[in-house]
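Student: Just dropping this structure here.
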Amino acid sequence: MLELLSADGPDPDHAEAMMLYGRLVGTWNISNRYLFGDGKWRTAAGEWRFGWALGGRVVQDVLFCPDFHGRFPGTTLRMYDVTTGLWQITWISPKLPSQFSQVGRSDGAGGMIQEGTDSEGRRSRWTFTEVTSDSFRWQGFSAAPDGEFELFQEMRATRR
């Protein structure tokens with residue numbers, strides 16, 4: 001199964017567009033800062049791996065941060081939609097359980113923005129900013145249906 005899932009690189013017919021997220025392919029060390037239900041921020045180290053999948057039309061990642069409640073890894077599928085030029089994105093973490101559906105695009109400033117909803121219908125926004133070949137900043141925001149976005153998670157990543 002893993003042999004069929006993985007790909008050696010981006011789909012050559014869409015290689016340039018695939019690099020929006022494709023430039024993250026590799027292994028990253030992360031410092032993960034998360035707002036817990038008690039209102040306190042906690043920080044823990046983790047690992048984030050990105051790779052090519054499904055004929056090079058998907059960038060899949062696995063995020064692992066074991067110090068937060070012994071959480072199991074989660075995964076994101078980012079599929080480039082050749083008809084719209086946008087990215088269809090799904091995050092799942094079965095152990096929590098947690099699920100997000102989002103649409104991603106360039107933010108126009110060298111990063112990426114993803115917007116959608118979580119499994120409870122709350123609006124979500126995830127951003128990748130300060131993206132270089134060796135580092136990036138990721139932020140997760142959540143909002144009530146008519147509310148403002150509030151930061152609930154932030155990660156700083158450095159390439160291994």
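Ligands are numbered from 1 in the order shown, chains are lettered A, B, ... in the order of the structure tokens, and residues start at 1 in each chain.
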Write out as number ranges by chain all residues of chain A that DSSP puts in alpha helix (DSSP H) for this structure's backbone.
Tutor: A: 2-5, 15-22
Student: Output as JSON lines one row per residue of range 61-144 of chain A within 8 Å of range 8-26 of chain A: the closest atom pair and its distance in Å to one decimal place, counting only C-alpha atoms, sorted by chain and residue number ascending.
Tutor:
```
{"residue": "A:Arg78", "atom": "CA", "partner": "A:Tyr21", "partner_atom": "CA", "distance": 8.0}
{"residue": "A:Tyr80", "atom": "CA", "partner": "A:Met18", "partner_atom": "CA", "distance": 6.8}
{"residue": "A:Val82", "atom": "CA", "partner": "A:His14", "partner_atom": "CA", "distance": 8.0}
{"residue": "A:Gly85", "atom": "CA", "partner": "A:Ala17", "partner_atom": "CA", "distance": 7.9}
{"residue": "A:Ser106", "atom": "CA", "partner": "A:Leu20", "partner_atom": "CA", "distance": 7.1}
{"residue": "A:Met112", "atom": "CA", "partner": "A:Leu20", "partner_atom": "CA", "distance": 7.6}
{"residue": "A:Ser133", "atom": "CA", "partner": "A:Arg23", "partner_atom": "CA", "distance": 7.3}
```
Student: Given only C-alpha atoms as the basis, pick out the residue of A:Gln88, A:Ser93, A:Pro145, A:Ala7 nearest to Phe50 in chain A.
Tutor: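 For Phe50 in chain A, the nearest of the candidates is A:Ala7.
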Student: Which of chain A end up as strand (DSSP E or B) when DSSP is run on this backbone - answer as a VMD selection string?
Tutor: chain A and resid 6 26 to 35 41 to 53 58 to 64 74 to 81 86 to 93 98 to 106 112 to 118 123 to 129 135 to 143 150 to 159
Student: Deliver the residues from the most recent selection as a file, using C-alpha atoms, as a JSON list (two decimals), in the first residue's frame.
Tutor:
```json
[["chain", "number", "residue", "atom", "x", "y", "z"],
["A", 6, "SER", "CA", 4.04, 7.44, -2.36],
["A", 26, "GLY", "CA", 11.05, 16.67, 3.91],
["A", 27, "THR", "CA", 11.36, 16.31, 7.68],
["A", 28, "TRP", "CA", 11.00, 19.23, 10.07],
["A", 29, "ASN", "CA", 11.60, 19.69, 13.79],
["A", 30, "ILE", "CA", 8.84, 21.72, 15.37],
["A", 31, "SER", "CA", 8.23, 23.74, 18.49],
["A", 32, "ASN", "CA", 4.48, 23.41, 19.01],
["A", 33, "ARG", "CA", 2.63, 25.94, 21.17],
["A", 34, "TYR", "CA", -0.98, 24.97, 21.91],
["A", 35, "LEU", "CA", -3.80, 26.64, 23.87],
["A", 41, "TRP", "CA", -0.47, 27.77, 26.59],
["A", 42, "ARG", "CA", 1.87, 24.79, 26.59],
["A", 43, "THR", "CA", 4.87, 24.11, 24.36],
["A", 44, "ALA", "CA", 6.33, 20.80, 23.24],
["A", 45, "ALA", "CA", 8.71, 19.55, 20.58],
["A", 46, "GLY", "CA", 7.57, 17.42, 17.69],
["A", 47, "GLU", "CA", 8.20, 16.27, 14.16],
["A", 48, "TRP", "CA", 6.44, 17.09, 10.90],
["A", 49, "ARG", "CA", 7.10, 15.08, 7.73],
["A", 50, "PHE", "CA", 5.86, 16.07, 4.27],
["A", 51, "GLY", "CA", 5.99, 13.85, 1.19],
["A", 52, "TRP", "CA", 4.66, 13.34, -2.32],
["A", 53, "ALA", "CA", 1.69, 11.01, -2.74],
["A", 58, "VAL", "CA", -0.95, 15.28, -3.38],
["A", 59, "VAL", "CA", 1.38, 16.55, -0.66],
["A", 60, "GLN", "CA", 0.73, 14.48, 2.46],
["A", 61, "ASP", "CA", 2.13, 15.16, 5.88],
["A", 62, "VAL", "CA", 2.29, 13.41, 9.22],
["A", 63, "LEU", "CA", 2.49, 15.53, 12.37],
["A", 64, "PHE", "CA", 3.66, 13.98, 15.62],
["A", 74, "GLY", "CA", -2.33, 13.13, 12.54],
["A", 75, "THR", "CA", -2.13, 13.48, 8.78],
["A", 76, "THR", "CA", -3.07, 16.07, 6.18],
["A", 77, "LEU", "CA", -3.79, 15.44, 2.50],
["A", 78, "ARG", "CA", -3.32, 18.49, 0.27],
["A", 79, "MET", "CA", -4.62, 17.79, -3.23],
["A", 80, "TYR", "CA", -4.05, 20.27, -6.02],
["A", 81, "ASP", "CA", -7.28, 20.78, -7.97],
["A", 86, "LEU", "CA", -6.88, 25.68, -5.42],
["A", 87, "TRP", "CA", -5.91, 23.00, -2.93],
["A", 88, "GLN", "CA", -8.48, 20.67, -1.34],
["A", 89, "ILE", "CA", -7.22, 19.88, 2.15],
["A", 90, "THR", "CA", -8.23, 17.32, 4.77],
["A", 91, "TRP", "CA", -6.65, 16.88, 8.22],
["A", 92, "ILE", "CA", -7.48, 13.85, 10.36],
["A", 93, "SER", "CA", -6.33, 12.65, 13.73],
["A", 98, "SER", "CA", -10.25, 15.61, 14.96],
["A", 99, "GLN", "CA", -11.05, 16.44, 11.32],
["A", 100, "PHE", "CA", -10.76, 19.63, 9.26],
["A", 101, "SER", "CA", -11.78, 20.33, 5.65],
["A", 102, "GLN", "CA", -10.18, 23.37, 4.06],
["A", 103, "VAL", "CA", -9.33, 25.06, 0.78],
["A", 104, "GLY", "CA", -5.77, 26.35, 0.39],
["A", 105, "ARG", "CA", -4.06, 28.91, -1.80],
["A", 106, "SER", "CA", -1.09, 31.25, -1.89],
["A", 112, "MET", "CA", -0.12, 29.81, 2.20],
["A", 113, "ILE", "CA", -3.57, 30.26, 3.70],
["A", 114, "GLN", "CA", -6.14, 27.52, 4.28],
["A", 115, "GLU", "CA", -9.74, 28.14, 5.31],
["A", 116, "GLY", "CA", -12.64, 25.83, 6.06],
["A", 117, "THR", "CA", -14.31, 24.11, 9.00],
["A", 118, "ASP", "CA", -13.60, 21.55, 11.67],
["A", 123, "ARG", "CA", -14.61, 28.05, 10.94],
["A", 124, "SER", "CA", -10.88, 27.42, 10.70],
["A", 125, "ARG", "CA", -7.91, 29.21, 9.20],
["A", 126, "TRP", "CA", -4.40, 27.83, 9.02],
["A", 127, "THR", "CA", -1.48, 29.87, 7.74],
["A", 128, "PHE", "CA", 2.08, 29.14, 6.69],
["A", 129, "THR", "CA", 4.19, 32.31, 6.87],
["A", 135, "SER", "CA", 12.03, 27.21, 8.22],
["A", 136, "PHE", "CA", 8.42, 28.31, 8.44],
["A", 137, "ARG", "CA", 5.79, 29.45, 10.89],
["A", 138, "TRP", "CA", 2.38, 27.76, 11.03],
["A", 139, "GLN", "CA", -0.61, 29.19, 12.89],
["A", 140, "GLY", "CA", -4.03, 27.67, 13.52],
["A", 141, "PHE", "CA", -7.08, 29.83, 14.14],
["A", 142, "SER", "CA", -10.66, 28.90, 15.04],
["A", 143, "ALA", "CA", -13.85, 30.96, 15.15],
["A", 150, "GLU", "CA", -8.61, 33.37, 17.55],
["A", 151, "LEU", "CA", -5.18, 31.75, 17.63],
["A", 152, "PHE", "CA", -5.20, 28.29, 19.25],
["A", 153, "GLN", "CA", -1.93, 26.81, 17.98],
["A", 154, "GLU", "CA", 1.40, 27.95, 16.60],
["A", 155, "MET", "CA", 4.37, 25.98, 15.35],
["A", 156, "ARG", "CA", 7.86, 27.03, 14.34],
["A", 157, "ALA", "CA", 9.54, 24.53, 12.05],
["A", 158, "THR", "CA", 13.17, 24.03, 11.06],
["A", 159, "ARG", "CA", 14.28, 21.58, 8.40]]
```
Student: Can you tell me how far CA of Ala109 in chain A sits from CA of Glu130 in chain A, in Å to one decimal?
Tutor: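 Atom-to-atom, CA of Ala109 in chain A to CA of Glu130 in chain A, that is 9.0 Å.
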Student: For CA of Thr84 in chain A and CA of Asp107 in chain A, determine how far apart the two atoms are, in Å to one decimal place.
Tutor: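 So the two atoms, CA of Thr84 in chain A and CA of Asp107 in chain A, lie 15.9 Å apart.
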Student: Between CA of Met1 in chain A and CA of Gly55 in chain A, what is the spacing in Å?
Tutor: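 Atom-to-atom, CA of Gly55 in chain A and CA of Met1 in chain A are spaced 13.4 Å apart.
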